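Raw run_2.tsv, TSV, C-alpha atoms:
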```tsv
chain	number	residue	atom	x	y	z
A	53	MET	CA	0.93	72.36	123.69
A	54	GLY	CA	-0.86	69.08	124.26
A	55	ASN	CA	-4.16	70.53	123.00
A	56	ILE	CA	-2.90	70.75	119.42
A	57	GLU	CA	-5.53	69.54	116.94
A	58	ALA	CA	-3.81	70.30	113.62
A	59	VAL	CA	-0.25	70.74	112.35
A	60	THR	CA	1.02	72.59	109.30
A	61	PHE	CA	4.51	72.27	107.85
A	62	ASP	CA	6.80	74.29	105.67
A	63	PHE	CA	8.17	72.21	102.77
A	64	TRP	CA	11.75	73.11	101.78
A	65	GLU	CA	14.39	72.58	104.46
A	66	THR	CA	11.70	71.44	106.89
A	67	LEU	CA	10.20	68.28	105.41
A	68	PHE	CA	12.41	68.05	102.31
A	69	GLY	CA	16.00	69.08	101.75
A	70	PHE	CA	17.08	71.45	99.01
A	71	LEU	CA	20.05	71.71	96.68
A	72	ASP	CA	23.52	72.59	97.90
A	73	PRO	CA	25.31	75.57	96.26
A	74	GLU	CA	27.21	73.41	93.73
A	75	ASP	CA	24.03	71.72	92.54
A	76	LEU	CA	22.24	75.05	92.35
A	77	GLU	CA	24.97	76.42	90.12
A	78	GLU	CA	24.68	73.40	87.83
A	79	VAL	CA	20.91	73.80	87.65
A	80	ARG	CA	21.32	77.47	86.79
A	81	ARG	CA	23.78	76.63	83.99
A	82	ILE	CA	21.46	74.01	82.49
A	83	ARG	CA	18.53	76.40	82.55
A	84	ILE	CA	20.43	79.24	80.91
A	85	GLU	CA	21.80	76.97	78.19
A	86	GLY	CA	18.37	75.49	77.56
A	87	PHE	CA	16.73	78.90	77.28
A	88	SER	CA	19.55	80.07	75.01
A	89	GLN	CA	19.05	77.19	72.59
A	90	VAL	CA	15.27	77.55	72.43
A	91	LEU	CA	15.30	81.34	72.09
A	92	ASN	CA	18.43	81.49	69.91
A	93	ILE	CA	19.87	84.13	72.22
A	94	PRO	CA	23.44	84.11	73.63
A	95	PRO	CA	23.58	82.59	77.15
A	96	GLN	CA	25.02	85.77	78.65
A	97	GLU	CA	22.06	87.83	77.44
A	98	VAL	CA	19.61	85.25	78.78
A	99	GLU	CA	21.32	85.22	82.16
A	100	GLU	CA	21.41	89.00	82.42
A	101	ALA	CA	17.71	89.30	81.59
A	102	PHE	CA	16.78	86.51	83.98
A	103	GLN	CA	18.80	88.00	86.85
A	104	GLN	CA	17.21	91.41	86.30
A	105	ILE	CA	13.74	89.89	86.46
A	106	ILE	CA	14.60	87.93	89.61
A	107	MET	CA	15.81	91.11	91.34
A	108	GLU	CA	12.64	92.95	90.36
A	109	MET	CA	10.52	89.99	91.41
A	110	ASN	CA	12.13	89.78	94.85
A	111	LYS	CA	11.45	93.48	95.49
A	112	GLU	CA	7.85	93.08	94.34
A	113	ARG	CA	7.29	90.01	96.50
A	114	GLU	CA	8.77	91.74	99.55
A	115	THR	CA	6.56	94.78	99.03
A	116	THR	CA	3.28	93.00	98.34
A	117	GLY	CA	3.63	89.63	100.05
A	118	LEU	CA	2.28	88.09	96.87
A	119	GLU	CA	3.90	85.35	94.80
A	120	ILE	CA	5.00	85.66	91.20
A	121	PRO	CA	4.68	82.18	89.70
A	122	LEU	CA	7.22	80.64	87.37
A	123	GLY	CA	5.14	81.16	84.23
A	124	GLU	CA	5.03	84.90	84.85
A	125	ILE	CA	8.76	85.04	85.59
A	126	ILE	CA	9.50	83.35	82.26
A	127	ARG	CA	7.07	85.61	80.41
A	128	ARG	CA	8.78	88.71	81.84
A	129	THR	CA	12.22	87.35	80.99
A	130	VAL	CA	11.24	86.71	77.38
A	131	LYS	CA	9.75	90.19	77.14
A	132	ARG	CA	12.95	91.71	78.60
A	133	LEU	CA	14.88	89.94	75.83
A	134	GLY	CA	12.67	91.66	73.25
A	135	ILE	CA	11.07	88.45	71.99
A	136	GLU	CA	7.40	88.76	71.05
A	137	LYS	CA	6.60	85.06	70.69
A	138	ALA	CA	8.28	82.16	72.47
A	139	PRO	CA	7.36	78.58	73.47
A	140	LEU	CA	6.64	79.49	77.08
A	141	ASP	CA	5.49	75.98	78.02
A	142	ARG	CA	8.75	74.48	76.74
A	143	LEU	CA	10.80	77.05	78.65
A	144	GLU	CA	8.90	76.17	81.83
A	145	GLU	CA	9.62	72.48	81.21
A	146	ILE	CA	13.34	73.23	80.87
A	147	TYR	CA	13.31	75.19	84.11
A	148	VAL	CA	11.57	72.41	86.06
A	149	GLU	CA	13.43	69.48	84.48
A	150	ALA	CA	16.79	71.00	85.42
A	151	VAL	CA	15.99	70.75	89.12
A	152	SER	CA	13.48	67.90	89.48
A	153	GLU	CA	15.87	64.94	89.32
A	154	ARG	CA	18.49	66.61	91.51
A	155	LEU	CA	16.35	67.32	94.53
A	156	PRO	CA	17.10	65.43	97.75
A	157	GLY	CA	14.42	63.49	99.58
A	158	PRO	CA	12.76	63.92	102.98
A	159	LEU	CA	14.88	65.21	105.82
A	160	PRO	CA	15.75	63.00	108.80
A	161	GLY	CA	12.73	62.32	110.95
A	162	ALA	CA	10.21	63.66	108.44
A	163	LEU	CA	8.63	60.36	107.44
A	164	GLU	CA	8.54	59.09	111.01
A	165	THR	CA	6.95	62.29	112.28
A	166	LEU	CA	4.29	62.41	109.59
A	167	GLN	CA	3.37	58.76	110.06
A	168	GLU	CA	3.02	59.14	113.81
A	169	LEU	CA	0.90	62.27	113.51
A	170	MET	CA	-1.38	60.42	111.11
A	171	LYS	CA	-1.70	57.56	113.61
A	172	ARG	CA	-2.71	60.08	116.26
A	173	GLY	CA	-5.44	61.40	113.97
A	174	ILE	CA	-3.91	64.86	113.54
A	175	PRO	CA	-4.89	66.56	110.26
A	176	LEU	CA	-1.90	67.95	108.39
A	177	ALA	CA	-1.20	70.63	105.80
A	178	ILE	CA	1.74	72.06	103.89
A	179	ILE	CA	2.22	75.83	103.58
A	180	SER	CA	5.04	76.61	101.17
A	181	ASN	CA	6.49	79.67	99.49
A	182	THR	CA	7.36	78.52	95.98
A	183	ILE	CA	7.22	79.74	92.40
A	184	HIS	CA	6.18	76.31	91.12
A	185	GLY	CA	4.16	74.02	93.39
A	186	GLN	CA	4.16	71.17	90.89
A	187	ILE	CA	7.74	70.35	91.90
A	188	GLU	CA	6.69	69.82	95.51
A	189	LYS	CA	3.67	67.80	94.45
A	190	ALA	CA	5.85	65.54	92.34
A	191	LEU	CA	8.15	64.89	95.29
A	192	LEU	CA	5.23	64.08	97.54
A	193	ARG	CA	3.95	61.57	94.97
A	194	ARG	CA	7.42	60.07	94.57
A	195	TYR	CA	7.56	59.31	98.29
A	196	GLN	CA	3.84	58.46	98.52
A	197	LEU	CA	3.18	61.25	100.98
A	198	GLN	CA	0.47	63.21	99.17
A	199	ASP	CA	-2.36	61.46	101.04
A	200	ASN	CA	-0.88	62.45	104.41
A	201	PHE	CA	-2.02	66.04	103.94
A	202	ARG	CA	-5.54	67.35	103.96
A	203	VAL	CA	-4.47	70.42	102.01
A	204	LEU	CA	-1.40	71.62	100.12
A	205	LEU	CA	-1.03	75.38	99.93
A	206	PHE	CA	1.63	76.71	97.59
A	207	SER	CA	2.11	80.43	97.14
A	208	SER	CA	2.42	79.91	93.38
A	209	GLU	CA	-1.20	78.76	93.38
A	210	VAL	CA	-2.88	80.85	96.11
A	211	ARG	CA	-0.70	83.96	95.49
A	212	TYR	CA	-0.24	84.79	99.18
A	213	ARG	CA	3.26	84.25	100.54
A	214	LYS	CA	4.28	83.61	104.11
A	215	PRO	CA	4.31	85.55	106.41
A	216	ARG	CA	0.99	86.94	105.19
A	217	PRO	CA	-1.58	85.43	107.53
A	218	GLU	CA	-4.05	84.73	104.73
A	219	ILE	CA	-2.24	81.58	103.60
A	220	PHE	CA	-2.20	80.26	107.16
A	221	ARG	CA	-5.90	81.03	107.58
A	222	MET	CA	-6.63	79.09	104.40
A	223	ALA	CA	-4.94	76.07	105.96
A	224	LEU	CA	-6.89	76.48	109.19
A	225	HIS	CA	-10.13	76.60	107.22
A	226	HIS	CA	-9.34	73.36	105.39
A	227	LEU	CA	-8.20	71.69	108.60
A	228	ASN	CA	-11.29	72.92	110.46
A	229	ALA	CA	-9.05	73.98	113.34
A	230	PRO	CA	-9.07	77.14	115.47
A	231	PRO	CA	-5.72	78.94	115.34
A	232	GLU	CA	-5.00	78.53	119.04
A	233	LYS	CA	-5.17	74.75	118.63
A	234	ALA	CA	-3.01	74.60	115.49
A	235	MET	CA	0.76	74.54	115.19
A	236	HIS	CA	3.04	75.49	112.30
A	237	VAL	CA	6.55	74.07	111.90
A	238	GLY	CA	9.13	75.75	109.69
A	239	ASP	CA	12.78	76.70	109.33
A	240	THR	CA	12.48	80.38	108.35
A	241	PRO	CA	11.79	82.81	111.22
A	242	GLY	CA	10.68	85.71	109.02
A	243	ALA	CA	8.20	83.58	107.08
A	244	ASP	CA	7.21	80.63	109.23
A	245	VAL	CA	7.39	81.95	112.78
A	246	VAL	CA	6.15	85.46	112.03
A	247	GLY	CA	3.35	84.21	109.77
A	248	ALA	CA	2.11	81.59	112.21
A	249	LEU	CA	2.06	84.10	115.06
A	250	LYS	CA	0.19	86.64	112.92
A	251	ALA	CA	-2.46	84.00	112.28
A	252	GLY	CA	-2.75	83.22	115.99
A	253	MET	CA	-1.14	79.78	115.70
A	254	LYS	CA	1.54	78.14	117.79
A	255	ALA	CA	4.93	78.54	116.10
A	256	VAL	CA	7.67	75.92	116.15
A	257	TYR	CA	11.05	76.92	114.71
A	258	TYR	CA	12.90	74.00	113.14
A	259	ASN	CA	16.59	74.81	113.59
A	260	PRO	CA	18.67	71.65	113.03
A	261	HIS	CA	21.93	73.54	112.54
A	262	ASP	CA	21.57	75.79	115.59
A	263	LYS	CA	21.51	79.04	113.63
A	264	GLY	CA	21.25	82.30	115.49
A	265	TYR	CA	17.76	83.79	115.68
A	266	PRO	CA	17.27	87.15	113.92
A	267	LEU	CA	17.13	90.14	116.22
A	268	GLY	CA	13.87	92.04	116.33
A	269	LEU	CA	11.61	89.17	115.29
A	270	PRO	CA	9.01	87.68	117.63
A	271	LEU	CA	10.12	84.45	119.22
A	272	PRO	CA	8.54	81.06	118.49
A	273	HIS	CA	6.77	79.07	121.14
A	274	HIS	CA	9.35	76.32	120.73
A	275	THR	CA	12.61	75.66	118.89
A	276	ILE	CA	13.49	72.11	117.84
A	277	ARG	CA	16.55	70.51	116.29
A	278	HIS	CA	14.92	67.26	115.13
A	279	LEU	CA	11.54	66.88	113.49
A	280	THR	CA	10.45	64.06	115.79
A	281	GLN	CA	10.37	66.63	118.61
A	282	VAL	CA	7.13	67.87	117.04
A	283	LEU	CA	5.50	64.79	118.56
A	284	ASP	CA	6.25	66.10	122.06
A	285	PHE	CA	3.69	68.87	121.53
A	286	VAL	CA	0.84	66.65	120.31
A	287	ALA	CA	-1.12	64.38	122.61
A	288	PRO	CA	-0.59	60.66	121.85
```
Represent the structure contained in this file as structure tokens.
Amino acid sequence: MGNIEAVTFDFWETLFGFLDPEDLEEVRRIRIEGFSQVLNIPPQEVEEAFQQIIMEMNKERETTGLEIPLGEIIRRTVKRLGIEKAPLDRLEEIYVEAVSERLPGPLPGALETLQELMKRGIPLAIISNTIHGQIEKALLRRYQLQDNFRVLLFSSEVRYRKPRPEIFRMALHHLNAPPEKAMHVGDTPGADVVGALKAGMKAVYYNPHDKGYPLGLPLPHHTIRHLTQVLDFVAP
């Protein structure tokens, strides 16, 4: 794949790590308690309403391939609790603050890979499924990486979720690259590999923990275990 002229990356668990189960549970507890205090509703009721909305949201996202951003999730949760008026902005702040300071940094090889691709003059983009792209943007600013990317595409902002090809085509448009000369790197076969292939791009599956590949899904062009292997597919 030495003719690659542009590279797009997934964000979570590809460039940046995510929370482990214990941290996720702590974040969930903080959010529920914060919502409970603001809304003056028992924590158990808040949690039940929130979990119901999440289940409904996941079904809707799977059916439509469209994102439901955080603000809408909170609005639906408040409505489910029977509350007509609530400080939605404050609730969104509580949700984001609970996770922001606990997020890990870039994964091994990420900074090195991005820097080398920049040196080679390869335009870069991020394509991420997320309910709140501001969290990713804040992390990129924290590590001074925002200027490495020509475009940042978050499903919370453009509505399309991977594997819908539209979000990949948006990236190709901004990168001014034909799909056959662009490569997407990501850790989720059903979103990253399938979506890239639908858009006509080269697909690289990032699999650092040697997970089994799901049966029935189309195969990537390449599978890598370390991000620096991306450089093998781009001409120096």
- Query: To one decimal place, how far is atom CA of A:Pro241 from atom CA of A:Ile187 in Å?
  - Reply: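 Going from atom CA of A:Pro241 over to atom CA of A:Ile187, I get 23.3 Å.
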- Message: As an exercise, work out the distance from atom CA of A:Pro73 to atom CA of A:Glu149 in Å and give it to one decimal place.
- Response: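 Interatomic distance, atom CA of A:Pro73 to atom CA of A:Glu149: 17.8 Å.
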- Shortest interatomic distance to A:Ile106 - which of A:Trp64, A:Gly173, A:Ile183, A:Thr280, counting all atoms listed in the file: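 Among A:Trp64, A:Gly173, A:Ile183, A:Thr280, it is A:Ile183 that comes nearest to A:Ile106.
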Using only C-alpha atoms, what table do you get, as a Markdown table, when you list each residue of stretch 153-206 of chain A with an atom no more than 9 Å from stretch 121-135 of chain A, its nearest pair of atoms, and their distance in Å rounded to one decimal, rows by chain then rising number?
```
| residue | atom | partner | partner_atom | distance |
| --- | --- | --- | --- | --- |
| A:Thr182 | CA | A:Pro121 | CA | 7.7 |
| A:Ile183 | CA | A:Pro121 | CA | 4.4 |
| A:His184 | CA | A:Leu122 | CA | 5.8 |
| A:Gly185 | CA | A:Pro121 | CA | 9.0 |
```
- Might you pull out every residue within 6 Å of A:Gly247, with all atoms listed in the file counted and same-chain residues fewer than 3 positions away left off, and present them as a PyMOL selection string? chain A and resi 214-217+243-244+250
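For the point (-3.8, 59.7, 112.7), the residues with an atom at a distance of at most 12 Å are A:Glu57, A:Ala58, A:Val59, A:Thr165, A:Leu166, A:Gln167, A:Glu168, A:Leu169, A:Met170, A:Lys171, A:Arg172, A:Gly173, A:Ile174, A:Pro175, A:Leu176, A:Asp199, A:Asn200, A:Phe201, A:Arg202, A:Val286, A:Ala287, A:Pro288, counting all atoms listed in the file.
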- Near A:Val148, within 10 Å and counting all atoms listed in the file, which residues show up once chain neighbours fewer than 2 positions away are dropped, as a list in words? Val79, Arg83, Leu122, Arg142, Leu143, Glu144, Glu145, Ile146, Ala150, Val151, Ser152, Glu153, His184, Gln186 and Ile187 of chain A
- Message: Neighbouring residues of stretch 221-235 of chain A were defined as those with any atom within 10 Å, considering all atoms listed in the file; residues of the same chain fewer than 6 positions away were excluded. Please report them as a ChimeraX atom specification.
- Response: /A:53-61,174-179,201-205,210,248-256,273,282,285-286
- Query: Taking only C-alpha atoms into account, which of A:His278, A:Arg193, A:Lys263, A:Arg81 comes nearest A:Ala162?
  - Reply: A:His278
